[in-house]
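One structure is given below, encoded as structure tokens.
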Amino acid sequence: MGKPQRFAVDSLFEDVDEQKQVHDLQDQIFDLETQMQLEVSKNQELESTIANLRSKPIDEQEKFQLESTISELRDQLQRNQGSIQYLVDKMHANPKQPRQSFNTPVQTMVNSLQTEGQLDPVILLANGMIFDGECRWRAAQVLGWKTLEAVFINETEDEKNLRRKAFITTIHRNDLNELDKAEVLMIMLCDEIEELEPERIPTLIGSAITRLKRKGSVQKLGEDLRRRPITEQVAVLKSLELSEIEFLVFKFILGLQLSPISVSKNILPTLKLSQDLRTAIRDRDLGCYQAIELNKLSAKKLDITEKQAKKLRAEAIDYVLNEGLSVQNTRTWVANQLKARQPETPDTKRDKQIDQLIHSIKNFSLEDTEPTSEQLAELQQILKQALEAIEKR
Amino acid sequence: MSKKCLPKRHQQMRLSIKTGAGGVGKTTLATNLGYEMATLGYKVAIFDLDPQASINVFCRLDKNPKPIQTTAWIYSSDFDGNYPLIPVWTDYTKNLEVCQGSDALFKIIPLIYAHSRGSYLLKDHLEDFPLDHDLIIFDCPATLEPIPMTALAASTHVLVPLEPAPKESDGTRLYAKWFDAKVRELRLSPSPEILGFVINGLKDWSEHVRLAEQLPPQYERRGFHCFPPINEYAEFVNACSRGVPLRVHRPNHPGVKQLQPIVQAIQNIIGV
């Protein structure tokens, strides 16, 4: 016979746990029963409301409206806690939805719904407004589907939170374009920082970055920072001697896991786009960077009326889309257009250095050279910076 | 000496010190924690709910008080809000009072069973005649029924001391079951919170050391806090023998330091 076992700690509290499990289950049953009673009493209330309304003499129009309201109410009451098949007709878009460009994503979703079926339920607010799943909803309409699988969330969020959540769920999807991102980012920044005016934001960010470049500390804001813990982000921002408001703006952008530099360079310029270019981005999938180039064909620059400029841009959009021009090619093409249309104004005091530069760029052709891709990227970067500097003047 | 009731000032903590086994240092903790809080400026009352009335020894109080001078009186349906509180250790603090226990408590046990709100007698009277103390400690007897039930109903928090030995560890198992069942039975809402378990009287015996190591994770796994252990020190006994708290007897003794995590937790709840 071996030594008897010592007092066992591991199993000591087993019956405490069992008792707790029983109690937890009792609680769950109690909750479910309460919930059921609540549903029943809600239904009863609804029924009596319906009876009440029907007993009153009202005109046809009113009656129709009331009946439809009532039936909608009933539908809502009857839906259970899980996902349900919800009528596509009854859903409607969230006007604060960050995504405003639906052309391609909807087409993709149509294909996906046809081949895979609906993978995730759409998320609806109690009133049928779509919180998440507008592409699925639009695709279902294209396909003539009557219902979509849906779940409901409580409509307790304020607008600001709603936008923030919708933005964060959408922003890291690759197919959200820069224009959508820029617009919603403006709204969110103004929500977050009260004293901020939307029209000031691009300049504020741009000039802060230019200042950091001059001081040589801009690389601290580099691509990696957005993925670092918030404490580290704050420490870096504090070391940059930013103004209070710049600090808040940068912190917010980093908090969305975006890089302030790339926001300034790639996202914010889309805010300067004319309305016709925005429409082309949204309805015809014109690339944002191409649009930024085409935006240079402005009435002011060409010294023509707005109507003429719009017509010119319309042709340009068609051309870029039909030819499938790259950003680079669009840029060259726009430059040529500008040159061709700009009246030659003899300037009395021309800077010689600039004239030399113009001359060498004019004579420059890639066809005569064999550059490496690294060189090309470097060249592109330098030209881009030069272009930005020119635009700033 | 009696104390007229005053309106409640702010967040009052009512702390039961209770476990499922005897001799684990409940009264040692009650008196020393009470004194620690009093020296920090909190107004403290200790209710001795044990018929053995050991606080009388700790604080050198009259061993044969009249029933009306003890906690038994608070359970009476004639109770008028005059709490029989006695200031103790007055040479060292002005903030600590004790309501003595006595064997008169045996007589109120049938009263608790017979009364329609028996389990809530203490709670009801503390609500009808509120005390302005920041902290009220209920020093409970080792039995589970029915006086500790009245303390549980009246408590906002519970501290569960144990000696790291088989019988006393098993006492905490009994206590955890009892606590869960009574909170439901009495429909206490909000439920009192378990402030934590605390290993008390830890010796360097191997079985003590093993259990002091293995028990805390068991409590924590079930969502209960477990305070760092307090060692068995002769000075706790010596202080008691001289009728003073440990801090007065030996201000720099390690035992005083070992009380501080609990003091801190109480302070966090009452507020500064």
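Following the order of the structure tokens, chains are lettered A, B, ..., residues in each are numbered from 1, and ligands are numbered from 1.
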Problem set entry | Which of range 6-149 of chain B DSSP labels helix (DSSP H, G or I), written as a PyMOL selection string | chain B and resi 26-39+55-58+67-69+71-75+104-114+118-128+147-149
Test item: chain B residues at most 9 Å from chain A, counting only C-alpha atoms, as a PDB file with N, CA and C atoms, in the first residue's frame:
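Below is the file that was written, out27.pdb:
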ATOM      1  N   ALA B 165      -4.814  25.075   5.320  1.00  0.00           N
ATOM      2  CA  ALA B 165      -4.831  23.703   5.797  1.00  0.00           C
ATOM      3  C   ALA B 165      -6.097  23.043   5.257  1.00  0.00           C
ATOM      4  N   PRO B 166      -6.137  21.685   5.206  1.00  0.00           N
ATOM      5  CA  PRO B 166      -7.271  21.020   4.550  1.00  0.00           C
ATOM      6  C   PRO B 166      -8.637  21.443   5.083  1.00  0.00           C
ATOM      7  N   SER B 169      -9.384  25.074   4.168  1.00  0.00           N
ATOM      8  CA  SER B 169      -9.560  25.259   2.729  1.00  0.00           C
ATOM      9  C   SER B 169     -10.940  24.770   2.319  1.00  0.00           C
ATOM     10  N   ASP B 170     -11.288  23.609   2.876  1.00  0.00           N
ATOM     11  CA  ASP B 170     -12.603  23.064   2.569  1.00  0.00           C
ATOM     12  C   ASP B 170     -13.698  23.998   3.090  1.00  0.00           C
ATOM     13  N   ARG B 173     -14.612  26.302   0.454  1.00  0.00           N
ATOM     14  CA  ARG B 173     -15.486  25.664  -0.546  1.00  0.00           C
ATOM     15  C   ARG B 173     -16.932  25.739  -0.071  1.00  0.00           C
ATOM     16  N   LEU B 174     -17.130  25.355   1.220  1.00  0.00           N
ATOM     17  CA  LEU B 174     -18.474  25.444   1.789  1.00  0.00           C
ATOM     18  C   LEU B 174     -18.993  26.872   1.716  1.00  0.00           C
ATOM     19  N   ALA B 176     -18.130  29.305  -0.379  1.00  0.00           N
ATOM     20  CA  ALA B 176     -18.447  29.739  -1.749  1.00  0.00           C
ATOM     21  C   ALA B 176     -19.817  29.222  -2.171  1.00  0.00           C
ATOM     22  N   LYS B 177     -20.095  27.955  -1.829  1.00  0.00           N
ATOM     23  CA  LYS B 177     -21.402  27.374  -2.164  1.00  0.00           C
ATOM     24  C   LYS B 177     -22.521  28.098  -1.411  1.00  0.00           C
ATOM     25  N   ASP B 180     -23.160  31.694  -2.801  1.00  0.00           N
ATOM     26  CA  ASP B 180     -23.888  31.680  -4.059  1.00  0.00           C
ATOM     27  C   ASP B 180     -25.367  31.350  -3.833  1.00  0.00           C
ATOM     28  N   ALA B 181     -25.600  30.339  -2.992  1.00  0.00           N
ATOM     29  CA  ALA B 181     -26.981  29.909  -2.759  1.00  0.00           C
ATOM     30  C   ALA B 181     -27.779  30.982  -2.020  1.00  0.00           C
ATOM     31  N   ARG B 184     -28.878  34.108  -3.943  1.00  0.00           N
ATOM     32  CA  ARG B 184     -30.069  33.850  -4.766  1.00  0.00           C
ATOM     33  C   ARG B 184     -31.321  33.733  -3.905  1.00  0.00           C
ATOM     34  N   LEU B 211      -0.334  24.529  -0.058  1.00  0.00           N
ATOM     35  CA  LEU B 211      -1.710  25.006  -0.240  1.00  0.00           C
ATOM     36  C   LEU B 211      -1.744  26.513  -0.512  1.00  0.00           C
ATOM     37  N   GLN B 214      -1.119  26.666  -4.155  1.00  0.00           N
ATOM     38  CA  GLN B 214      -2.068  26.052  -5.087  1.00  0.00           C
ATOM     39  C   GLN B 214      -3.481  26.623  -4.977  1.00  0.00           C
ATOM     40  N   LEU B 215      -3.824  27.166  -3.819  1.00  0.00           N
ATOM     41  CA  LEU B 215      -5.208  27.643  -3.663  1.00  0.00           C
ATOM     42  C   LEU B 215      -5.511  28.946  -4.424  1.00  0.00           C
ATOM     43  N   GLN B 218      -6.941  28.715  -7.820  1.00  0.00           N
ATOM     44  CA  GLN B 218      -8.287  28.135  -7.834  1.00  0.00           C
ATOM     45  C   GLN B 218      -9.342  29.219  -7.610  1.00  0.00           C
ATOM     46  N   TYR B 219      -9.054  30.139  -6.678  1.00  0.00           N
ATOM     47  CA  TYR B 219     -10.006  31.236  -6.442  1.00  0.00           C
ATOM     48  C   TYR B 219     -10.057  32.156  -7.649  1.00  0.00           C
ATOM     49  N   ARG B 222     -12.022  31.267 -10.606  1.00  0.00           N
ATOM     50  CA  ARG B 222     -13.471  31.423 -10.457  1.00  0.00           C
ATOM     51  C   ARG B 222     -13.870  32.885 -10.299  1.00  0.00           C
TER      52      ARG B 222
END
Exercise. Between B:Phe129, B:Phe224, B:Tyr75, B:Phe47, which one has atoms that come closest to Cys99 in chain B, using only C-alpha atoms?
Worked result: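 With only C-alpha atoms as the atom set, the closest residue is B:Phe47.
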Exercise. In Å, how far is it from CA of Leu195 in chain B to CA of Val160 in chain B?
Worked result: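 Distance between the two atoms: 8.1 Å.
Separating CA of Val334 in chain A from CA of Thr369 in chain A is a distance of 23.1 Å.
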For this session: Write out as a PyMOL selection string the residues lying within 10 Å of Asp128 in chain B, counting only C-alpha atoms and excluding same-chain residues fewer than 4 positions away.
Result: chain B and resi 5+80-81+122-124
Exercise. Got a sec: who's within 9 Å of Arg284 in chain A, counting only C-alpha atoms, leaving out chain neighbours fewer than 2 positions off, as an NGL selection string?
Worked result: :A and (103-104 or 279-282 or 286 or 321)
For this session: List every residue of range 89-257 of chain B that DSSP, applied to the backbone of this structure, assigns to strand (DSSP E), and report them as number ranges by chain.
Result: B: 96-99, 135-139, 157-162, 193-202, 226-231
For this session: Report the distance between CA of Cys135 in chain A and CA of Ala93 in chain A in Å, rounded to one decimal place.
Result: 9.9 Å
